[in-house]
>>> print(open('input26.csv').read())   # CSV, C-alpha atoms
chain,number,residue,atom,x,y,z
A,1,MET,CA,3.0,-33.5,10.2
A,2,GLN,CA,5.2,-31.1,12.2
A,3,ILE,CA,5.2,-31.7,16.0
A,4,GLY,CA,6.2,-29.0,18.4
A,5,ILE,CA,5.8,-27.1,21.7
A,6,ASP,CA,4.3,-23.8,22.7
A,7,SER,CA,5.2,-22.1,25.9
A,8,PHE,CA,3.8,-19.1,27.8
A,9,VAL,CA,6.8,-19.1,30.1
A,10,ALA,CA,4.6,-19.5,33.1
A,11,VAL,CA,6.0,-18.8,36.6
A,12,PRO,CA,3.3,-20.4,38.8
A,13,PRO,CA,3.8,-21.0,42.5
A,14,ASP,CA,5.6,-24.2,43.4
A,15,SER,CA,3.0,-26.9,44.2
A,16,VAL,CA,4.7,-27.7,47.5
A,17,THR,CA,6.2,-24.5,48.9
A,18,GLY,CA,3.8,-22.0,47.2
A,19,VAL,CA,6.7,-19.8,46.3
A,20,ALA,CA,6.8,-18.5,42.7
A,21,LEU,CA,9.7,-19.7,40.5
A,22,ASP,CA,12.7,-17.4,40.2
A,23,PRO,CA,12.3,-15.6,36.8
A,24,VAL,CA,16.0,-15.7,36.0
A,25,GLN,CA,16.1,-19.5,36.5
A,26,ARG,CA,12.8,-19.9,34.7
A,27,MET,CA,14.3,-18.3,31.6
A,28,GLN,CA,17.3,-20.5,31.7
A,29,ASP,CA,15.1,-23.5,32.1
A,30,LEU,CA,13.1,-22.4,29.1
A,31,LEU,CA,16.1,-22.1,26.9
A,32,ASP,CA,17.1,-25.6,28.0
A,33,GLU,CA,13.7,-26.8,26.9
A,34,ILE,CA,14.0,-25.3,23.5
A,35,GLU,CA,17.5,-26.6,23.1
A,36,THR,CA,16.3,-30.1,24.1
A,37,ALA,CA,13.4,-29.9,21.6
A,38,ASP,CA,15.9,-29.1,18.9
A,39,ARG,CA,18.2,-32.0,19.9
A,40,VAL,CA,15.4,-34.6,19.9
A,41,GLY,CA,14.1,-33.6,16.5
A,42,LEU,CA,10.9,-31.6,17.2
A,43,ASP,CA,9.9,-29.3,14.4
A,44,VAL,CA,8.8,-26.1,16.0
A,45,PHE,CA,8.9,-24.1,19.3
A,46,GLY,CA,6.5,-21.2,19.9
A,47,ILE,CA,6.5,-18.5,22.6
A,48,GLY,CA,3.2,-16.8,23.5
A,49,GLU,CA,2.6,-13.2,24.4
A,50,HIS,CA,1.0,-12.1,27.7
A,51,HIS,CA,1.4,-9.1,29.9
A,52,ARG,CA,0.5,-10.7,33.2
A,53,ARG,CA,2.3,-11.4,36.5
A,54,GLU,CA,2.2,-15.2,36.0
A,55,PHE,CA,3.9,-15.2,32.6
A,56,LEU,CA,7.3,-14.0,31.3
A,57,ASP,CA,6.5,-13.9,27.6
A,58,SER,CA,5.8,-10.2,27.0
A,59,ALA,CA,8.7,-10.0,24.6
A,60,PRO,CA,8.6,-13.3,22.5
A,61,ALA,CA,11.0,-12.1,19.8
A,62,VAL,CA,13.7,-11.5,22.4
A,63,ILE,CA,13.3,-15.0,23.9
A,64,LEU,CA,13.3,-16.6,20.4
A,65,ALA,CA,16.4,-14.7,19.4
A,66,ALA,CA,18.2,-16.1,22.5
A,67,ALA,CA,16.9,-19.6,21.5
A,68,ALA,CA,18.1,-19.1,17.9
A,69,ALA,CA,21.7,-18.8,19.1
A,70,ARG,CA,21.4,-22.1,21.0
A,71,THR,CA,19.7,-24.2,18.3
A,72,LYS,CA,20.3,-25.3,14.8
A,73,ARG,CA,17.2,-26.8,13.1
A,74,ILE,CA,14.0,-26.1,15.0
A,75,ARG,CA,11.6,-23.5,13.7
A,76,LEU,CA,11.0,-20.6,16.1
A,77,THR,CA,7.6,-18.9,16.2
A,78,SER,CA,5.3,-16.6,18.2
A,79,ALA,CA,2.2,-18.3,19.7
A,80,VAL,CA,0.6,-15.8,19.3
A,81,THR,CA,1.7,-12.2,18.6
A,82,VAL,CA,-1.1,-10.0,19.8
A,83,LEU,CA,-1.2,-7.9,16.7
A,84,SER,CA,-4.1,-5.8,17.7
A,85,ALA,CA,-1.9,-4.2,20.4
A,86,ALA,CA,1.3,-4.1,18.5
A,87,ASP,CA,2.9,-1.9,15.7
A,88,PRO,CA,3.1,-4.1,12.6
A,89,VAL,CA,6.3,-2.3,11.5
A,90,ARG,CA,8.1,-3.3,14.7
A,91,VAL,CA,6.6,-6.8,14.6
A,92,PHE,CA,8.0,-7.3,11.1
A,93,GLN,CA,11.4,-5.8,12.0
A,94,GLU,CA,11.7,-8.0,15.1
A,95,PHE,CA,10.9,-11.2,13.3
A,96,ALA,CA,12.9,-10.3,10.2
A,97,THR,CA,15.8,-9.8,12.6
A,98,LEU,CA,15.1,-13.2,14.2
A,99,ASP,CA,15.0,-14.8,10.8
A,100,LEU,CA,18.4,-13.5,10.0
A,101,ILE,CA,19.8,-14.6,13.4
A,102,SER,CA,18.2,-18.1,13.0
A,103,ARG,CA,19.2,-18.4,9.3
A,104,GLY,CA,15.7,-18.7,8.1
A,105,ARG,CA,13.8,-20.4,10.9
A,106,ALA,CA,11.4,-17.6,12.1
A,107,GLU,CA,7.6,-17.6,11.8
A,108,ILE,CA,4.9,-15.4,13.2
A,109,VAL,CA,1.4,-16.5,14.4
A,110,VAL,CA,-0.7,-13.4,14.7
A,111,GLY,CA,-4.0,-13.2,16.6
A,112,ARG,CA,-6.2,-11.0,18.8
A,113,GLY,CA,-5.3,-12.7,22.0
A,114,SER,CA,-7.4,-14.5,24.6
A,115,PHE,CA,-6.6,-11.9,27.3
A,116,THR,CA,-7.3,-8.2,27.2
A,117,GLU,CA,-4.7,-6.7,29.5
A,118,SER,CA,-2.6,-5.4,26.5
A,119,PHE,CA,-5.4,-3.0,25.5
A,120,PRO,CA,-5.3,-0.7,28.5
A,121,LEU,CA,-1.5,-1.2,28.8
A,122,PHE,CA,-0.9,0.3,25.3
A,123,GLY,CA,-3.7,2.8,25.5
A,124,LEU,CA,-6.1,1.0,23.1
A,125,ASP,CA,-9.9,0.8,23.2
A,126,LEU,CA,-11.3,-2.7,23.6
A,127,ASN,CA,-14.2,-1.7,21.5
A,128,ASP,CA,-11.8,-1.6,18.5
A,129,TYR,CA,-10.8,-5.2,19.2
A,130,ASP,CA,-11.6,-6.5,15.6
A,131,SER,CA,-10.9,-3.4,13.6
A,132,LEU,CA,-7.5,-3.0,15.1
A,133,PHE,CA,-6.6,-6.6,14.1
A,134,THR,CA,-8.0,-6.3,10.6
A,135,GLU,CA,-6.2,-3.0,9.9
A,136,LYS,CA,-2.9,-4.1,11.4
A,137,LEU,CA,-2.9,-7.5,9.6
A,138,ASP,CA,-3.4,-5.6,6.3
A,139,LEU,CA,-0.3,-3.5,7.0
A,140,LEU,CA,1.8,-6.4,8.2
A,141,LEU,CA,1.1,-8.3,4.9
A,142,LYS,CA,1.9,-5.2,2.8
A,143,ILE,CA,5.2,-4.9,4.7
A,144,ARG,CA,6.0,-8.5,4.0
A,145,GLU,CA,5.1,-8.0,0.3
A,146,SER,CA,7.4,-5.1,-0.3
A,147,PRO,CA,10.2,-3.1,1.5
A,148,THR,CA,8.6,0.2,0.3
A,149,VAL,CA,5.2,0.7,1.8
A,150,THR,CA,2.5,3.3,1.1
A,151,TRP,CA,-0.5,2.7,3.4
A,152,SER,CA,-3.1,4.5,5.5
A,153,GLY,CA,-5.6,3.5,8.1
A,154,ARG,CA,-7.6,4.6,11.1
A,155,HIS,CA,-5.5,3.3,14.0
A,156,ARG,CA,-2.0,4.1,13.0
A,157,PRO,CA,-0.2,7.0,11.2
A,158,ALA,CA,0.0,6.6,7.4
A,159,LEU,CA,3.2,5.5,5.6
A,160,ASP,CA,4.2,7.3,2.4
A,161,ALA,CA,6.7,5.3,0.3
A,162,GLN,CA,8.4,4.4,3.6
A,163,GLU,CA,11.2,1.8,3.4
A,164,ILE,CA,11.1,-0.9,6.1
A,165,TYR,CA,14.2,-2.9,6.9
A,166,PRO,CA,15.7,-5.4,7.6
A,167,ARG,CA,14.2,-7.9,5.2
A,168,PRO,CA,14.1,-11.5,6.3
A,169,LEU,CA,16.1,-14.4,4.8
A,170,GLN,CA,12.8,-16.2,4.0
A,171,ASP,CA,10.7,-14.7,1.2
A,172,PRO,CA,8.0,-14.6,2.2
A,173,LEU,CA,8.4,-14.7,6.0
A,174,PRO,CA,5.7,-17.2,7.2
A,175,ILE,CA,2.7,-15.6,8.8
A,176,TRP,CA,-0.1,-17.7,10.3
A,177,ILE,CA,-3.4,-16.6,11.7
A,178,GLY,CA,-4.2,-17.9,15.2
A,179,VAL,CA,-7.9,-18.4,15.9
A,180,GLY,CA,-10.2,-19.6,18.6
A,181,GLY,CA,-13.8,-20.4,17.7
A,182,THR,CA,-15.0,-17.3,15.8
A,183,PRO,CA,-16.3,-18.3,12.2
A,184,SER,CA,-15.3,-14.9,10.7
A,185,SER,CA,-11.7,-15.5,11.8
A,186,PHE,CA,-11.5,-18.8,10.0
A,187,ALA,CA,-13.1,-17.2,6.9
A,188,ARG,CA,-10.6,-14.3,7.0
A,189,ALA,CA,-7.6,-16.6,7.1
A,190,GLY,CA,-9.0,-18.5,4.1
A,191,ALA,CA,-9.7,-15.4,2.1
A,192,LEU,CA,-6.2,-14.2,2.6
A,193,GLY,CA,-4.7,-17.7,1.9
A,194,LEU,CA,-2.8,-17.7,5.2
A,195,PRO,CA,-2.0,-20.8,7.2
A,196,LEU,CA,-4.3,-21.4,10.2
A,197,MET,CA,-3.4,-22.2,13.7
A,198,VAL,CA,-6.4,-23.3,15.8
A,199,ALA,CA,-6.2,-23.2,19.6
A,200,ILE,CA,-8.2,-26.1,20.9
A,201,ILE,CA,-7.9,-26.0,24.6
A,202,GLY,CA,-11.2,-27.6,25.6
A,203,GLY,CA,-14.2,-29.5,24.3
A,204,GLU,CA,-13.9,-32.0,21.5
A,205,PRO,CA,-11.6,-31.3,18.5
A,206,HIS,CA,-13.9,-32.8,15.9
A,207,ARG,CA,-16.4,-30.0,16.6
A,208,PHE,CA,-14.0,-27.6,14.9
A,209,ARG,CA,-14.3,-29.5,11.5
A,210,PRO,CA,-17.1,-27.2,10.2
A,211,LEU,CA,-15.0,-24.1,10.9
A,212,ILE,CA,-11.9,-25.6,9.3
A,213,ASP,CA,-14.1,-26.6,6.3
A,214,LEU,CA,-15.2,-23.0,6.2
A,215,TYR,CA,-11.6,-21.9,6.1
A,216,ARG,CA,-10.7,-24.2,3.3
A,217,GLN,CA,-13.8,-23.5,1.2
A,218,THR,CA,-13.3,-19.7,1.6
A,219,GLY,CA,-9.7,-20.1,0.6
A,220,LEU,CA,-10.5,-22.1,-2.5
A,221,ARG,CA,-13.2,-19.6,-3.6
A,222,ALA,CA,-10.6,-16.9,-3.2
A,223,GLY,CA,-8.4,-18.7,-5.7
A,224,HIS,CA,-5.8,-20.1,-3.2
A,225,SER,CA,-4.4,-23.6,-3.9
A,226,PRO,CA,-5.3,-26.4,-1.4
A,227,GLU,CA,-1.5,-26.8,-0.6
A,228,LYS,CA,-1.5,-23.2,0.7
A,229,LEU,CA,-4.5,-23.7,3.0
A,230,THR,CA,-2.6,-25.5,5.8
A,231,VAL,CA,-4.0,-26.1,9.3
A,232,GLY,CA,-2.2,-26.4,12.6
A,233,VAL,CA,-3.6,-27.2,16.1
A,234,HIS,CA,-2.4,-25.8,19.4
A,235,SER,CA,-3.5,-28.1,22.3
A,236,LEU,CA,-2.8,-28.5,26.0
A,237,GLY,CA,-0.9,-31.6,26.7
A,238,TYR,CA,1.8,-33.5,28.6
A,239,VAL,CA,3.5,-36.9,28.0
A,240,ALA,CA,5.3,-39.2,30.4
A,241,ASP,CA,6.5,-42.8,30.5
A,242,THR,CA,3.1,-44.0,31.6
A,243,THR,CA,-0.4,-42.4,31.4
A,244,GLU,CA,-0.7,-42.7,35.2
A,245,GLU,CA,2.5,-40.6,35.6
A,246,ALA,CA,1.4,-38.0,33.1
A,247,VAL,CA,-1.9,-37.5,34.9
A,248,GLU,CA,-0.3,-37.4,38.3
A,249,GLU,CA,2.3,-34.8,37.2
A,250,PHE,CA,0.1,-32.6,35.1
A,251,TYR,CA,-3.4,-32.5,36.7
A,252,PRO,CA,-2.6,-30.5,40.0
A,253,GLY,CA,-1.0,-27.6,38.2
A,254,TYR,CA,-3.6,-27.7,35.4
A,255,ALA,CA,-6.5,-27.6,37.8
A,256,GLU,CA,-4.9,-24.7,39.8
A,257,MET,CA,-4.2,-22.6,36.7
A,258,PHE,CA,-7.6,-23.1,35.1
A,259,THR,CA,-9.5,-22.6,38.3
A,260,ARG,CA,-7.6,-19.3,38.8
A,261,ILE,CA,-8.2,-18.1,35.2
A,262,GLY,CA,-11.8,-19.3,35.5
A,263,ALA,CA,-12.4,-17.2,38.5
A,264,GLU,CA,-11.6,-14.1,36.4
A,265,ARG,CA,-14.1,-15.2,33.7
A,266,GLY,CA,-16.9,-16.5,35.8
A,267,TRP,CA,-16.2,-20.3,35.2
A,268,SER,CA,-16.7,-22.9,37.9
A,269,PRO,CA,-13.6,-24.5,39.5
A,270,THR,CA,-11.9,-27.2,37.4
A,271,THR,CA,-12.7,-30.8,38.6
A,272,ARG,CA,-10.9,-34.1,38.2
A,273,ALA,CA,-14.0,-35.5,36.4
A,274,GLN,CA,-13.8,-32.7,33.8
A,275,PHE,CA,-10.1,-33.3,33.4
A,276,ASP,CA,-10.6,-37.0,32.9
A,277,ALA,CA,-13.3,-36.4,30.3
A,278,GLN,CA,-11.0,-34.0,28.4
A,279,ARG,CA,-8.2,-36.5,28.2
A,280,GLY,CA,-10.5,-39.2,27.0
A,281,PRO,CA,-10.5,-40.4,23.4
A,282,THR,CA,-12.5,-37.5,21.9
A,283,GLY,CA,-11.4,-34.7,24.4
A,284,ALA,CA,-9.0,-31.9,23.6
A,285,LEU,CA,-6.3,-32.7,26.3
A,286,LEU,CA,-3.3,-34.6,25.1
A,287,VAL,CA,-2.2,-36.2,28.4
A,288,GLY,CA,-0.7,-39.7,28.5
A,289,ASP,CA,2.1,-42.0,27.4
A,290,ALA,CA,3.7,-41.8,24.0
A,291,GLU,CA,1.5,-44.4,22.2
A,292,THR,CA,-1.7,-42.9,23.6
A,293,ILE,CA,-0.8,-39.4,22.6
A,294,ALA,CA,0.4,-40.4,19.1
A,295,HIS,CA,-2.8,-42.3,18.4
A,296,LYS,CA,-4.8,-39.3,19.7
A,297,ILE,CA,-2.9,-36.9,17.4
A,298,LEU,CA,-3.7,-39.2,14.5
A,299,ALA,CA,-7.4,-39.3,15.4
A,300,VAL,CA,-7.4,-35.4,15.5
A,301,ASN,CA,-5.7,-35.4,12.2
A,302,ASN,CA,-8.4,-37.6,10.7
A,303,SER,CA,-11.3,-35.8,12.3
A,304,LEU,CA,-10.2,-32.4,11.0
A,305,GLY,CA,-9.5,-33.5,7.5
A,306,GLY,CA,-5.7,-33.4,7.8
A,307,ILE,CA,-3.5,-31.0,9.8
A,308,SER,CA,0.1,-29.9,9.1
A,309,ARG,CA,1.2,-29.1,12.6
A,310,MET,CA,0.4,-30.1,16.2
A,311,THR,CA,1.9,-28.1,19.1
A,312,PHE,CA,1.7,-28.9,22.8
A,313,GLN,CA,1.3,-26.3,25.5
A,314,MET,CA,2.8,-28.3,28.4
A,315,ASN,CA,3.5,-25.5,30.9
A,316,ALA,CA,-0.2,-25.1,31.8
A,317,ALA,CA,1.0,-27.0,34.9
A,318,ALA,CA,4.0,-26.4,37.2
A,319,VAL,CA,6.0,-29.5,36.2
A,320,PRO,CA,9.6,-29.8,37.7
A,321,ARG,CA,12.4,-29.0,35.2
A,322,GLU,CA,13.7,-32.6,35.0
A,323,LYS,CA,10.3,-34.0,34.2
A,324,MET,CA,9.6,-31.3,31.6
A,325,LEU,CA,12.8,-32.0,29.8
A,326,HIS,CA,12.0,-35.8,29.9
A,327,ALA,CA,8.5,-35.0,28.5
A,328,ILE,CA,10.1,-33.1,25.6
A,329,GLU,CA,12.5,-36.1,24.9
A,330,ILE,CA,9.5,-38.5,24.8
A,331,LEU,CA,7.6,-36.2,22.5
A,332,GLY,CA,10.6,-36.0,20.1
A,333,GLU,CA,11.9,-39.5,20.3
A,334,ALA,CA,8.7,-41.6,20.8
A,335,VAL,CA,5.6,-39.7,19.9
A,336,ALA,CA,6.8,-37.9,16.7
A,337,PRO,CA,8.2,-41.1,15.1
A,338,ILE,CA,4.9,-43.0,15.6
A,339,VAL,CA,3.0,-40.1,14.0
A,340,ARG,CA,5.4,-39.7,11.1
A,341,LYS,CA,5.5,-43.4,10.3
A,342,ALA,CA,1.7,-43.6,10.3
A,343,LEU,CA,1.4,-40.7,7.9
A,344,THR,CA,4.1,-41.8,5.5
A,345,PRO,CA,2.5,-43.0,2.3
>>> encode(input="input26.csv", output="structure tokens")
Amino acid sequence: MQIGIDSFVAVPPDSVTGVALDPVQRMQDLLDEIETADRVGLDVFGIGEHHRREFLDSAPAVILAAAAARTKRIRLTSAVTVLSAADPVRVFQEFATLDLISRGRAEIVVGRGSFTESFPLFGLDLNDYDSLFTEKLDLLLKIRESPTVTWSGRHRPALDAQEIYPRPLQDPLPIWIGVGGTPSSFARAGALGLPLMVAIIGGEPHRFRPLIDLYRQTGLRAGHSPEKLTVGVHSLGYVADTTEEAVEEFYPGYAEMFTRIGAERGWSPTTRAQFDAQRGPTGALLVGDAETIAHKILAVNNSLGGISRMTFQMNAAAVPREKMLHAIEILGEAVAPIVRKALTP
């Protein structure tokens, strides 16, 4: 199983002063985080895409290219590219370029996004939420398949034997589908034979097993091999030397962020009781010491019928730079070895 980290490059207010982090310094800290993840042997680092004041990840390919120049082994991916609001030609060109810069370490996770601010920003109709994604995914896969593309659709001008360059080092360039909880999204990924990245940020992971079974069953019926139908999980989490430290360092920022987002969506404020339930044995949060987190990852793996990748979204809380770097070190040097040893035949 691959173990990694996803970041939305959050710039929340400092928990003590209330002053937002300096964006220049936050970017430097992020690159240090990715470099540390590479050094300690983590497998993948993902950058999300948002167009909001509290995040700096509106141009993930640019950030990943900067990270590629400072790393040697770690795979670099979007998490996710909001394909509905993007031009598939430019997405492919950006990540093909990243693949060349990184010498074959680029990946794309495409999705529809959990926020909607990109639709008015780019002049799109939210009523076309699903058709935009379906059409643009079709084009992206055609571009990946061949450098010369003839294609037409409803939401983008047609292409007539148009050549699209550069081409990536990897052939094919890995493209995952990022999903939440919509059954049709799982079935679509299976029918296309694309790897699946499941965002599980709340509830109990084992409840996603029927949806993952749907993905695998649909893929097999479409003629794809079981080896091709791989599943990754994106979860919120944080690791420290002790579980008590992890909770103390992560909970305040977690509660602040989810209470703020919840106010936009009509949710009730986040409580400590809810947090504690979510970090329990069957909850979605991966917060604790190395052994606790490793065992929970293994439990998720078993409950979902085997997963190929687990990524942590640790900047859901405003954790100081030194503690974040230490958490990454623990993840790479303590958590990952326990998981890998347990899964070695």
>>> residues_near_point(input="input26.csv", point="(15.9, -29.8, 25.0)", cutoff="10 Å", atoms="all atoms listed in the file", output="PyMOL selection string")
chain A and resi 29-42+71+324-329+332
>>> residues_near_point(input="input26.csv", point="(-3.7, -25.5, 6.9)", cutoff="8 Å", atoms="only C-alpha atoms", output="short mmCIF file (atom, residue, chain, number, x, y, z; two decimals) with C-alpha atoms, in the frame of the given file")
data_model
loop_
_atom_site.label_atom_id
_atom_site.label_comp_id
_atom_site.auth_asym_id
_atom_site.auth_seq_id
_atom_site.Cartn_x
_atom_site.Cartn_y
_atom_site.Cartn_z
CA PRO A 195 -2.00 -20.80 7.20
CA LEU A 196 -4.30 -21.40 10.20
CA MET A 197 -3.40 -22.20 13.70
CA ARG A 216 -10.70 -24.20 3.30
CA GLU A 227 -1.50 -26.80 -0.60
CA LYS A 228 -1.50 -23.20 0.70
CA LEU A 229 -4.50 -23.70 3.00
CA THR A 230 -2.60 -25.50 5.80
CA VAL A 231 -4.00 -26.10 9.30
CA GLY A 232 -2.20 -26.40 12.60
CA ILE A 307 -3.50 -31.00 9.80
CA SER A 308 0.10 -29.90 9.10
#
>>> residues_around(input="input26.csv", residues="Glu54 in chain A", least_positions_apart="6", cutoff="7 Å", atoms="all atoms listed in the file", output="list of chain:residue names")
A:Ala10, A:Val11, A:Pro12
>>> residues_around(input="input26.csv", residues="Val91 in chain A", least_positions_apart="2", cutoff="10 Å", atoms="all atoms listed in the file", output="short mmCIF file (atom, residue, chain, number, x, y, z; two decimals) with C-alpha atoms, in the coordinates of the input")
data_model
loop_
_atom_site.label_atom_id
_atom_site.label_comp_id
_atom_site.auth_asym_id
_atom_site.auth_seq_id
_atom_site.Cartn_x
_atom_site.Cartn_y
_atom_site.Cartn_z
CA ALA A 61 11.00 -12.10 19.80
CA THR A 81 1.70 -12.20 18.60
CA VAL A 82 -1.10 -10.00 19.80
CA LEU A 83 -1.20 -7.90 16.70
CA ALA A 86 1.30 -4.10 18.50
CA ASP A 87 2.90 -1.90 15.70
CA PRO A 88 3.10 -4.10 12.60
CA VAL A 89 6.30 -2.30 11.50
CA GLN A 93 11.40 -5.80 12.00
CA GLU A 94 11.70 -8.00 15.10
CA PHE A 95 10.90 -11.20 13.30
CA ALA A 96 12.90 -10.30 10.20
CA THR A 97 15.80 -9.80 12.60
CA ILE A 108 4.90 -15.40 13.20
CA VAL A 110 -0.70 -13.40 14.70
CA LEU A 140 1.80 -6.40 8.20
#
>>> atom_distance(input="input26.csv", atom1="CA of Arg154 in chain A", atom2="CA of Gly190 in chain A")
24.2 Å
>>> closest_residue(input="input26.csv", among="A:Ser7, A:Ser78, A:Ser84, A:Thr148", to="Phe119 in chain A", atoms="all atoms listed in the file")
A:Ser84
>>> atom_distance(input="input26.csv", atom1="CA of Phe258 in chain A", atom2="CA of His51 in chain A")
17.4 Å
>>> closest_residue(input="input26.csv", among="A:Val62, A:Ala334, A:Val9, A:Ala294", to="Leu21 in chain A", atoms="all atoms listed in the file")
A:Val9
>>> residues_around(input="input26.csv", residues="Ala277 in chain A", least_positions_apart="4", cutoff="12 Å", atoms="only C-alpha atoms", output="PyMOL selection string")
chain A and resi 202-204+270-273+281-287
>>> residues_around(input="input26.csv", residues="Val339 in chain A", least_positions_apart="6", cutoff="8 Å", atoms="all atoms listed in the file", output="list of chain:residue names")
A:Met1, A:Ala294, A:His295, A:Ile297, A:Leu298
>>> atom_distance(input="input26.csv", atom1="CA of Ile74 in chain A", atom2="CA of Gln25 in chain A")
22.6 Å
>>> closest_residue(input="input26.csv", among="A:Lys72, A:Ile63, A:Leu137, A:Thr150", to="Ala85 in chain A", atoms="only C-alpha atoms")
A:Leu137
>>> closest_residue(input="input26.csv", among="A:Ile338, A:Leu169, A:Leu76, A:Val319", to="Gly237 in chain A", atoms="all atoms listed in the file")
A:Val319
